[in-house]
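target-v2.cif follows; it contains mmCIF, C-alpha atoms and all ligand atoms.
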```
data_data
#
loop_
_atom_site.label_atom_id
_atom_site.label_comp_id
_atom_site.auth_asym_id
_atom_site.auth_seq_id
_atom_site.Cartn_x
_atom_site.Cartn_y
_atom_site.Cartn_z
CA MET A 1 123.57 116.14 101.98
CA LYS A 2 122.51 119.69 102.75
CA TYR A 3 118.89 118.55 102.98
CA SER A 4 119.45 115.70 105.42
CA SER A 5 121.98 117.58 107.59
CA LEU A 6 120.26 120.97 107.71
CA ILE A 7 116.64 120.86 106.66
CA LEU A 8 115.52 117.51 108.12
CA PRO A 9 116.49 118.37 111.73
CA LEU A 10 114.56 121.64 111.41
CA LEU A 11 111.48 119.91 109.99
CA HIS A 12 111.62 117.35 112.79
CA ARG A 13 111.25 120.11 115.37
CA LEU A 14 107.82 120.83 113.93
CA ASP A 15 104.59 118.90 114.24
CA PRO A 16 104.73 116.18 111.51
CA GLU A 17 101.74 117.46 109.56
CA ARG A 18 103.08 121.03 109.53
CA ALA A 19 106.47 119.74 108.44
CA HIS A 20 104.83 117.84 105.61
CA ASN A 21 102.80 120.84 104.48
CA LEU A 22 105.93 123.01 104.48
CA THR A 23 107.73 120.35 102.45
CA LEU A 24 104.91 120.42 99.89
CA ILE A 25 105.12 124.21 99.67
CA GLY A 26 108.89 124.02 99.17
CA LEU A 27 108.48 121.44 96.44
CA GLN A 28 105.79 123.53 94.72
CA LEU A 29 108.15 126.51 94.81
CA GLY A 30 110.75 124.46 92.96
CA LEU A 31 113.04 123.94 95.94
CA GLY A 32 113.18 120.17 95.46
CA PRO A 33 116.35 118.37 94.42
CA GLY A 34 116.77 118.24 90.65
CA HIS A 35 117.46 114.85 89.16
CA LEU A 36 120.79 114.83 87.39
CA GLU A 37 121.80 111.30 86.46
CA ALA A 38 120.06 108.99 84.00
CA ASP A 39 118.92 105.69 85.48
CA HIS A 40 121.08 102.59 85.06
CA PRO A 41 119.68 100.49 82.16
CA SER A 42 119.37 97.40 84.42
CA LEU A 43 116.71 99.28 86.44
CA ALA A 44 114.30 99.71 83.52
CA ILE A 45 111.24 97.46 83.63
CA GLN A 46 107.93 97.07 81.83
CA VAL A 47 104.94 96.39 84.08
CA ALA A 48 101.28 96.31 83.00
CA GLY A 49 102.33 97.65 79.61
CA ILE A 50 104.07 100.71 81.06
CA ASP A 51 107.83 101.32 80.65
CA PHE A 52 109.28 102.40 83.99
CA PRO A 53 112.77 104.01 83.92
CA ASN A 54 113.38 102.55 87.40
CA PRO A 55 111.23 100.54 89.81
CA ILE A 56 111.29 102.95 92.79
CA GLY A 57 108.00 104.80 93.22
CA LEU A 58 106.55 107.38 95.57
CA ALA A 59 103.78 105.71 97.62
CA ALA A 60 100.32 107.26 97.92
CA GLY A 61 99.57 109.73 100.70
CA PHE A 62 102.62 112.00 100.28
CA ASP A 63 100.97 113.88 97.41
CA LYS A 64 97.30 113.49 98.25
CA ASP A 65 96.16 116.45 96.15
CA ALA A 66 98.43 115.90 93.11
CA ARG A 67 100.49 119.02 93.74
CA VAL A 68 104.08 117.76 93.64
CA PHE A 69 104.27 114.63 91.49
CA ASN A 70 106.54 116.38 88.97
CA ALA A 71 108.96 117.54 91.68
CA MET A 72 109.13 113.99 93.03
CA LEU A 73 109.73 112.52 89.57
CA GLN A 74 112.51 115.08 89.10
CA ALA A 75 114.00 113.94 92.43
CA GLY A 76 114.55 110.52 90.83
CA PHE A 77 111.46 108.41 91.45
CA GLY A 78 110.57 106.11 88.53
CA PHE A 79 106.89 106.84 89.14
CA ALA A 80 104.69 108.75 91.57
CA GLU A 81 101.26 107.83 92.91
CA SER A 82 99.09 110.81 93.86
CA GLY A 83 96.02 110.57 96.13
CA THR A 84 94.17 109.09 97.87
CA VAL A 85 91.49 111.38 96.45
CA THR A 86 87.79 111.09 97.33
CA PRO A 87 84.88 112.46 95.24
CA LYS A 88 84.12 115.30 97.68
CA PRO A 89 86.72 117.27 99.64
CA GLN A 90 86.98 116.11 103.25
CA ALA A 91 88.80 117.36 106.33
CA GLY A 92 89.83 113.98 107.74
CA ASN A 93 90.20 113.19 111.44
CA LEU A 94 90.95 115.60 114.27
CA LYS A 95 94.55 116.79 114.69
CA PRO A 96 97.08 115.68 115.77
CA ARG A 97 96.85 112.69 113.46
CA ILE A 98 100.42 111.98 112.32
CA PHE A 99 103.01 110.78 114.84
CA ARG A 100 106.73 110.13 114.39
CA LEU A 101 108.34 107.18 116.15
CA PRO A 102 112.00 108.10 115.53
CA GLU A 103 113.38 105.26 117.68
CA ASP A 104 111.63 102.83 115.36
CA ASP A 105 112.08 104.65 112.00
CA ALA A 106 108.29 104.57 111.87
CA VAL A 107 105.19 106.75 111.62
CA ILE A 108 101.62 106.23 112.81
CA ASN A 109 98.93 108.16 110.92
CA ARG A 110 95.17 108.38 111.20
CA LEU A 111 94.62 111.14 108.67
CA GLY A 112 91.36 109.66 107.35
CA PHE A 113 91.65 110.67 103.68
CA ASN A 114 91.98 114.41 104.18
CA ASN A 115 92.02 115.83 100.65
CA GLY A 116 90.70 118.64 98.48
CA GLY A 117 88.37 116.45 96.40
CA LEU A 118 88.21 115.23 92.85
CA ASP A 119 87.60 118.51 90.98
CA ASP A 120 90.87 120.23 91.92
CA TYR A 121 92.75 116.94 91.77
CA ALA A 122 91.53 116.19 88.21
CA ARG A 123 92.52 119.68 87.06
CA ARG A 124 96.08 119.17 88.32
CA MET A 125 96.33 115.64 86.95
CA ALA A 126 95.29 116.94 83.52
CA GLY A 127 98.44 119.12 83.41
CA PRO A 128 101.87 118.17 82.03
CA LYS A 129 103.71 115.26 83.66
CA ALA A 130 107.43 114.68 83.93
CA GLY A 131 107.02 110.87 84.03
CA ILE A 132 104.67 108.11 85.12
CA VAL A 133 101.89 109.25 87.48
CA GLY A 134 99.32 106.93 89.03
CA ALA A 135 96.07 108.04 90.68
CA ASN A 136 94.88 106.46 93.92
CA ILE A 137 91.14 106.69 94.55
CA GLY A 138 89.06 106.14 97.70
CA ARG A 139 85.63 106.79 99.18
CA ASN A 140 84.26 109.61 101.30
CA LYS A 141 83.67 108.75 104.94
CA ASP A 142 79.99 109.77 104.82
CA SER A 143 79.08 108.25 101.45
CA VAL A 144 76.23 105.73 101.51
CA ASP A 145 77.37 103.85 98.41
CA ALA A 146 81.09 103.08 98.64
CA ILE A 147 81.31 101.47 95.21
CA GLU A 148 79.71 104.51 93.58
CA ASP A 149 82.50 106.70 95.02
CA TYR A 150 85.13 104.59 93.26
CA VAL A 151 83.09 104.71 90.04
CA ILE A 152 82.95 108.53 90.25
CA GLY A 153 86.71 108.68 90.86
CA ALA A 154 87.56 106.25 88.07
CA ARG A 155 85.34 107.98 85.51
CA ARG A 156 86.89 111.35 86.24
CA ILE A 157 90.54 110.40 86.55
CA ALA A 158 91.05 107.52 84.10
CA PRO A 159 91.80 109.86 81.17
CA PHE A 160 94.54 111.67 83.13
CA CYS A 161 96.57 108.93 84.83
CA ASP A 162 99.05 106.29 83.74
CA TYR A 163 97.49 103.77 86.13
CA LEU A 164 94.60 103.79 88.57
CA THR A 165 94.80 102.36 92.09
CA ILE A 166 91.69 101.23 93.95
CA ASN A 167 92.57 101.82 97.60
CA ILE A 168 90.60 99.49 99.86
CA SER A 169 93.18 99.22 102.61
CA SER A 170 93.42 102.43 104.62
CA PRO A 171 92.73 101.61 108.28
CA ASN A 172 91.43 105.13 108.92
CA THR A 173 88.10 105.06 107.06
CA PRO A 174 85.64 102.85 108.92
CA GLY A 175 84.52 99.86 106.85
CA LEU A 176 86.97 100.48 104.00
CA ARG A 177 88.91 97.28 104.50
CA ASP A 178 85.68 95.24 104.31
CA LEU A 179 85.80 95.91 100.56
CA GLN A 180 88.60 93.33 100.46
CA SER A 181 86.12 90.46 100.98
CA ALA A 182 85.68 88.34 97.84
CA ASP A 183 82.09 89.18 96.80
CA THR A 184 82.33 92.90 97.46
CA LEU A 185 85.72 93.08 95.77
CA SER A 186 84.39 91.39 92.61
CA ALA A 187 81.48 93.84 92.44
CA LEU A 188 83.79 96.81 93.07
CA VAL A 189 86.28 95.77 90.40
CA ALA A 190 83.56 95.12 87.82
CA ALA A 191 81.99 98.54 88.49
CA VAL A 192 85.33 100.37 88.23
CA GLN A 193 86.32 98.46 85.09
CA SER A 194 83.14 99.45 83.30
CA ALA A 195 83.49 103.08 84.45
CA VAL A 196 87.02 103.13 83.01
CA THR A 197 85.89 101.52 79.75
CA GLU A 198 83.19 104.19 79.34
CA THR A 199 85.89 106.88 79.31
CA GLY A 200 87.72 105.30 76.38
CA ALA A 201 91.00 105.58 78.33
CA GLU A 202 92.82 102.37 79.23
CA PRO A 203 94.93 102.89 82.36
CA PRO A 204 95.92 99.62 84.04
CA LEU A 205 94.00 98.99 87.28
CA PHE A 206 95.83 98.17 90.51
CA ILE A 207 94.33 97.22 93.89
CA LYS A 208 96.08 98.27 97.09
CA ILE A 209 95.67 95.83 99.96
CA ALA A 210 96.32 95.77 103.69
CA PRO A 211 99.08 93.77 105.40
CA ASP A 212 96.66 92.54 108.07
CA LEU A 213 95.19 89.61 106.15
CA THR A 214 94.54 85.94 106.91
CA GLU A 215 95.55 83.11 104.55
CA THR A 216 91.92 82.90 103.38
CA ASP A 217 91.85 86.65 102.66
CA ILE A 218 95.03 86.29 100.59
CA ASP A 219 93.56 83.34 98.66
CA ASP A 220 90.33 85.23 97.98
CA ILE A 221 91.98 88.48 96.90
CA ALA A 222 94.41 86.65 94.60
CA ALA A 223 91.57 84.68 93.02
CA VAL A 224 89.39 87.75 92.42
CA ALA A 225 92.31 89.83 91.15
CA ILE A 226 93.38 87.16 88.66
CA SER A 227 89.91 86.22 87.41
CA SER A 228 88.75 89.83 87.07
CA GLY A 229 91.68 90.90 84.92
CA ILE A 230 93.12 93.42 87.39
CA ASN A 231 96.59 94.52 86.24
CA GLY A 232 98.50 94.56 89.53
CA LEU A 233 98.34 94.37 93.32
CA ILE A 234 100.01 96.89 95.62
CA VAL A 235 101.17 95.16 98.80
CA SER A 236 100.77 96.89 101.21
CA ASN A 237 99.17 99.78 103.05
CA THR A 238 99.94 100.58 106.72
CA THR A 239 99.27 98.05 109.50
CA ILE A 240 96.96 98.21 112.49
CA GLY A 241 99.35 95.76 114.18
CA ARG A 242 101.73 97.02 116.89
CA PRO A 243 104.81 94.80 117.20
CA ASN A 244 105.83 94.67 120.87
CA PHE A 245 109.39 95.83 120.11
CA LEU A 246 108.22 99.39 119.30
CA LYS A 247 109.96 102.00 121.44
CA GLY A 248 108.54 105.35 120.25
CA ASN A 249 106.46 107.31 122.77
CA HIS A 250 103.55 107.38 120.34
CA ARG A 251 103.41 103.63 119.77
CA ALA A 252 99.94 103.27 121.31
CA GLU A 253 98.30 105.90 119.06
CA ASN A 254 95.47 104.63 116.87
CA GLY A 255 96.04 104.51 113.12
CA GLY A 256 98.24 102.81 110.56
CA LEU A 257 101.87 102.04 111.30
CA SER A 258 104.40 102.49 108.48
CA GLY A 259 108.17 102.44 108.12
CA LYS A 260 110.75 99.89 109.27
CA PRO A 261 108.50 97.79 111.56
CA LEU A 262 106.20 97.23 108.57
CA PHE A 263 108.94 95.74 106.41
CA ALA A 264 108.72 92.14 107.68
CA PRO A 265 104.90 91.76 107.79
CA SER A 266 104.33 93.46 104.43
CA THR A 267 107.11 91.43 102.77
CA LYS A 268 105.58 88.22 104.18
CA ILE A 269 102.21 89.04 102.55
CA LEU A 270 104.04 90.01 99.35
CA SER A 271 105.74 86.63 99.04
CA GLU A 272 102.50 84.81 99.94
CA MET A 273 100.77 86.76 97.17
CA TYR A 274 103.61 85.98 94.78
CA LYS A 275 103.10 82.24 95.35
CA ARG A 276 99.54 82.69 94.08
CA CYS A 277 100.09 85.33 91.39
CA ALA A 278 103.50 84.62 89.80
CA GLY A 279 103.29 84.77 86.04
CA LYS A 280 99.68 85.99 86.16
CA LEU A 281 99.73 89.34 87.93
CA PRO A 282 102.56 91.73 88.80
CA LEU A 283 102.99 92.92 92.39
CA ILE A 284 104.13 96.28 93.73
CA GLY A 285 105.96 95.92 97.06
CA VAL A 286 105.52 98.67 99.67
CA GLY A 287 106.25 98.85 103.40
CA GLY A 288 109.37 99.79 105.31
CA ILE A 289 111.80 100.26 102.42
CA SER A 290 114.67 102.50 103.47
CA SER A 291 117.66 101.17 101.50
CA GLY A 292 118.70 99.54 98.24
CA GLU A 293 118.92 96.27 100.13
CA ASP A 294 115.28 96.58 101.28
CA ALA A 295 114.14 97.33 97.72
CA TYR A 296 116.14 94.34 96.44
CA ARG A 297 114.58 92.07 99.08
CA LYS A 298 111.07 93.17 98.05
CA ILE A 299 111.92 92.37 94.42
CA ARG A 300 113.39 88.98 95.37
CA SER A 301 110.19 88.38 97.38
CA GLY A 302 108.04 88.91 94.28
CA ALA A 303 107.75 92.65 93.60
CA SER A 304 108.10 93.98 90.04
CA LEU A 305 108.04 97.55 91.35
CA VAL A 306 108.38 99.07 94.83
CA GLN A 307 107.14 102.22 96.55
CA LEU A 308 108.10 104.10 99.70
CA TYR A 309 107.01 107.02 101.84
CA THR A 310 108.07 106.89 105.52
CA ALA A 311 111.80 106.57 104.84
CA LEU A 312 111.67 109.99 103.12
CA VAL A 313 110.63 111.47 106.48
CA TYR A 314 113.85 110.19 108.09
CA HIS A 315 116.34 110.31 105.22
CA GLY A 316 115.14 112.98 102.78
CA PRO A 317 115.11 112.73 98.99
CA ARG A 318 118.82 111.78 98.64
CA LEU A 319 117.67 108.32 99.57
CA ILE A 320 116.14 107.80 96.12
CA THR A 321 119.50 108.12 94.34
CA ASP A 322 121.19 105.92 96.98
CA ILE A 323 118.58 103.16 96.62
CA LYS A 324 118.86 103.14 92.82
CA ARG A 325 122.68 103.01 92.90
CA ASP A 326 122.74 100.19 95.47
CA LEU A 327 120.00 98.23 93.72
CA ALA A 328 121.90 98.33 90.40
CA ASN A 329 125.03 97.13 92.25
CA PHE A 330 123.17 94.23 93.93
CA LEU A 331 121.76 93.11 90.57
CA LYS A 332 125.24 93.16 89.03
CA ARG A 333 126.83 91.37 92.02
CA ASP A 334 124.29 88.55 91.75
CA GLY A 335 124.55 88.20 87.97
CA PHE A 336 121.13 89.61 87.07
CA SER A 337 121.13 91.84 84.01
CA THR A 338 117.63 93.23 84.69
CA ILE A 339 115.16 93.63 87.57
CA THR A 340 112.88 91.11 85.87
CA ASP A 341 115.49 88.35 86.35
CA ALA A 342 115.47 88.89 90.13
CA ILE A 343 111.71 88.98 90.73
CA GLY A 344 110.60 86.32 93.21
CA VAL A 345 113.88 84.37 93.31
CA ASP A 346 113.62 84.03 97.13
CA VAL A 347 110.09 82.60 97.01
CA LYS A 348 109.98 78.81 97.11
C1 LIG A 401 101.23 110.04 106.49
C2 LIG A 401 100.82 108.91 105.58
C3 LIG A 401 99.69 109.06 104.77
C4 LIG A 401 99.31 108.02 103.91
N1 LIG A 401 98.23 108.20 103.10
C5 LIG A 401 97.89 107.23 102.21
C6 LIG A 401 96.82 107.40 101.30
O1 LIG A 401 96.18 108.46 101.24
N2 LIG A 401 96.52 106.39 100.46
C7 LIG A 401 97.20 105.20 100.45
O2 LIG A 401 96.91 104.32 99.65
N3 LIG A 401 98.25 105.01 101.30
C8 LIG A 401 98.60 105.98 102.16
N4 LIG A 401 99.66 105.79 103.01
C9 LIG A 401 100.37 104.49 103.00
C10 LIG A 401 101.61 104.50 102.11
O3 LIG A 401 101.27 104.73 100.77
C11 LIG A 401 102.36 103.16 102.22
O4 LIG A 401 101.53 102.13 101.73
C12 LIG A 401 102.76 102.82 103.66
O5 LIG A 401 103.13 103.98 104.37
C13 LIG A 401 103.91 101.81 103.70
O6 LIG A 401 105.08 102.31 103.07
P1 LIG A 401 106.28 103.01 103.90
O7 LIG A 401 106.63 102.09 105.05
O8 LIG A 401 107.39 103.16 102.90
O9 LIG A 401 105.74 104.32 104.36
C14 LIG A 401 100.07 106.80 103.88
C15 LIG A 401 101.20 106.69 104.70
C16 LIG A 401 101.57 107.70 105.54
C17 LIG A 401 102.80 107.53 106.40
#
```

As a first step, turn the structure in this file into structure tokens.
Amino acid sequence: MKYSSLILPLLHRLDPERAHNLTLIGLQLGLGPGHLEADHPSLAIQVAGIDFPNPIGLAAGFDKDARVFNAMLQAGFGFAESGTVTPKPQAGNLKPRIFRLPEDDAVINRLGFNNGGLDDYARRMAGPKAGIVGANIGRNKDSVDAIEDYVIGARRIAPFCDYLTINISSPNTPGLRDLQSADTLSALVAAVQSAVTETGAEPPLFIKIAPDLTETDIDDIAAVAISSGINGLIVSNTTIGRPNFLKGNHRAENGGLSGKPLFAPSTKILSEMYKRCAGKLPLIGVGGISSGEDAYRKIRSGASLVQLYTALVYHGPRLITDIKRDLANFLKRDGFSTITDAIGVDVK
């Protein structure tokens, strides 16, 4: 209450990137909301061999350098995904590179994988964790061998994460999304799998995909993911699409659009993926979730877990508790005793 009525309006008077950096500092200083209530038992779910206390996760990009995953878990998330981290530190694109579209409950970002690099990230990930923490890996902009960057990341981080996400869907690193094509994706997955095996650790491997895909792309990705033994697909990253109903002044900025306008397109891809993957591969639904109803719709459209980021910018961390309470109520109302019973029920 205090956060959304007092702190959010102040943060929104600042440039978005400054506001985010201040938020991270506050969280590192222990100023985050503590998590008081235990999760409702109906929210517990096992996915890829991991027991999640609830299915609401922090999406990648909020905690790029693995500084605040414990604070976010203590705020009530069932899991947190840190990263994207690249092998070498990189500055990312020129500022300004994050834009709020308050009229649309949306954000456009073209950060370009700004992060402090794998060494510092690995040191932090090796520390104590208050819950389930995934690591999201990417490539450096100037690397000549993209696959090798993922291999370096996987080798270094596999021993310290609960799951590993191969991010091939940021729109802000030129060429990154080309890794989604069938042949390249097979080679990438095989290389990362053997790098992980070498470490002796066995984190499940997830792939994070874009929402801007054709039917053929969806077919190809599903086929590769299933045949290669990937453990989950995260659907989706931000979109390069610009729906013509956007009102925010910054709507024409280049970059990836997230938040409410992403809900429909990302949920469409999610249910298309579910048609191809049901029973074979779990899906993690991301894009435009800002309420318990949104989370429930993602689950009914095929998601076993969900993640969010942009809604935190507009609603603050209280939202996490609200979503969990409402989701448990929706399950009860509709006669489902667990999340698992509701997965994909809207997909024909
Ligand atoms: C400022 C910002 C930075 C992001 N950085 C990353 C990133 O580094 N890696 C990644 O996989 N996704 C990144 N994302 C995408 C989110 O993880 C998520 O997929 C997307 O924003 C859709 O969810 P949302 O509508 O709940 O924000 C970023 C999103 C935003 C808004």

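Nearest to A:Gly175 of all the residues A:Gly112, A:Gly232, A:Asp346, A:Thr197 is A:Gly112, based on only C-alpha atoms.
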
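Put simply, atom CA of A:Gly57 is 4.7 Å away from atom CA of A:Phe79.
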
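Between atom CA of A:Arg155 and atom CA of A:Ala195 the interatomic distance comes to 5.3 Å.
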
Task: Close residues to ligand LIG 401 (chain A) using only C-alpha atoms and all ligand atoms, limit 7 Å, as a VMD selection string - done: chain A and resid 59 to 62 64 83 to 84 98 107 to 109 111 113 136 167 169 to 170 208 236 to 238 258 to 260 262 to 263 286 to 289 307 to 311

Open item on the list: So that I can see what lies close to stretch 239-250 of chain A, please list as a PyMOL selection string the residues with an atom at most 6 Å from it, counting all atoms listed in the file and leaving out residues fewer than 4 positions away in the same chain.
Closed with: chain A and resi 101+103+211+256-257

Open item on the list: Set the distance at 12 Å and use only C-alpha atoms: which residues neighbour A:Ala225 once local chain neighbours fewer than 5 positions away are removed? I'd like the list as a PyMOL selection string.
Closed with: chain A and resi 166+180-183+185-190+205-209+217-220+230-234+273+276-277+280-283

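One distance worth recording is that between atom CA of A:Glu215 and atom CA of A:Glu272, which is 8.5 Å.
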
Open item on the list: The residues within 10 Å of (110.8, 104.5, 81.2), using only C-alpha atoms and the coordinates of the file, should be reported as a PyMOL selection string; which are they?
Closed with: chain A and resi 39+41+43-46+50-55+78-79+131-132

TODO: Tell me which protein, DNA and RNA residues are within 10 Å of stretch 89-93 of chain A, counting only C-alpha atoms, leaving out same-chain ones fewer than 5 positions away, and put them as number ranges by chain.
DONE: A: 110-121, 140-142, 172-173

Open item on the list: Using only C-alpha atoms, can you tell me which of A:Ser5, A:Ser271, A:Gln193, A:Thr214 comes closest to A:Ser228?
Closed with: A:Gln193

Edge lengths and centre in Å to one decimal, as AutoDock Vina command-line options, of the axis-aligned box that encloses all listed atoms of stretch 224-242 of chain A with 6 Å added on every side?
```
--center_x 95.2 --center_y 93.4 --center_z 100.9 --size_x 25.0 --size_y 26.4 --size_z 44.0
```

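Counting all atoms listed in the file, the residue from A:His315, A:Arg123, A:Arg139, A:Lys275 that sits nearest to A:Pro9 is A:His315.
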
TODO: Return the single residue from A:Met125, A:Leu176, A:Val144, A:Leu27 that is closest to A:Ile157, with distances computed using only C-alpha atoms.
DONE: A:Met125

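Taking only C-alpha atoms into account, A:Ala303 lies nearest to A:Val235 out of the set A:Leu10, A:Ile168, A:Val235, A:Ala328.
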
What would the file be for stretch 31-45 of chain A if you keep N, CA and C atoms and write it as an mmCIF file, in the first residue's frame?
```cif
data_model
loop_
_atom_site.group_PDB
_atom_site.id
_atom_site.type_symbol
_atom_site.label_atom_id
_atom_site.label_comp_id
_atom_site.auth_asym_id
_atom_site.auth_seq_id
_atom_site.Cartn_x
_atom_site.Cartn_y
_atom_site.Cartn_z
ATOM 1 N N LEU A 31 15.332 -3.118 1.798
ATOM 2 C CA LEU A 31 14.107 -2.320 1.932
ATOM 3 C C LEU A 31 12.909 -2.944 1.208
ATOM 4 N N GLY A 32 13.086 -4.136 0.666
ATOM 5 C CA GLY A 32 11.987 -4.796 -0.040
ATOM 6 C C GLY A 32 10.921 -5.273 0.928
ATOM 7 N N PRO A 33 9.737 -5.620 0.374
ATOM 8 C CA PRO A 33 8.681 -6.114 1.248
ATOM 9 C C PRO A 33 9.018 -7.528 1.699
ATOM 10 N N GLY A 34 8.901 -7.810 2.968
ATOM 11 C CA GLY A 34 9.101 -9.184 3.442
ATOM 12 C C GLY A 34 7.893 -10.012 3.041
ATOM 13 N N HIS A 35 8.086 -11.298 2.963
ATOM 14 C CA HIS A 35 6.984 -12.166 2.565
ATOM 15 C C HIS A 35 6.468 -12.854 3.818
ATOM 16 N N LEU A 36 5.198 -12.598 4.146
ATOM 17 C CA LEU A 36 4.706 -13.069 5.435
ATOM 18 C C LEU A 36 3.918 -14.367 5.344
ATOM 19 N N GLU A 37 3.027 -14.461 4.366
ATOM 20 C CA GLU A 37 2.121 -15.619 4.354
ATOM 21 C C GLU A 37 2.707 -16.790 3.574
ATOM 22 N N ALA A 38 2.388 -18.002 4.026
ATOM 23 C CA ALA A 38 2.762 -19.201 3.253
ATOM 24 C C ALA A 38 1.835 -19.288 2.045
ATOM 25 N N ASP A 39 2.321 -19.905 0.975
ATOM 26 C CA ASP A 39 1.492 -20.021 -0.223
ATOM 27 C C ASP A 39 0.372 -21.042 -0.034
ATOM 28 N N HIS A 40 -0.763 -20.793 -0.686
ATOM 29 C CA HIS A 40 -1.880 -21.739 -0.646
ATOM 30 C C HIS A 40 -1.429 -23.067 -1.278
ATOM 31 N N PRO A 41 -1.766 -24.198 -0.660
ATOM 32 C CA PRO A 41 -1.296 -25.492 -1.186
ATOM 33 C C PRO A 41 -1.716 -25.758 -2.642
ATOM 34 N N SER A 42 -2.837 -25.180 -3.090
ATOM 35 C CA SER A 42 -3.275 -25.428 -4.477
ATOM 36 C C SER A 42 -2.320 -24.797 -5.489
ATOM 37 N N LEU A 43 -1.455 -23.873 -5.024
ATOM 38 C CA LEU A 43 -0.544 -23.184 -5.948
ATOM 39 C C LEU A 43 0.762 -23.941 -6.169
ATOM 40 N N ALA A 44 1.006 -24.972 -5.380
ATOM 41 C CA ALA A 44 2.263 -25.720 -5.513
ATOM 42 C C ALA A 44 2.232 -26.548 -6.793
ATOM 43 N N ILE A 45 3.372 -26.613 -7.470
ATOM 44 C CA ILE A 45 3.422 -27.390 -8.717
ATOM 45 C C ILE A 45 4.840 -27.897 -8.966
#
```
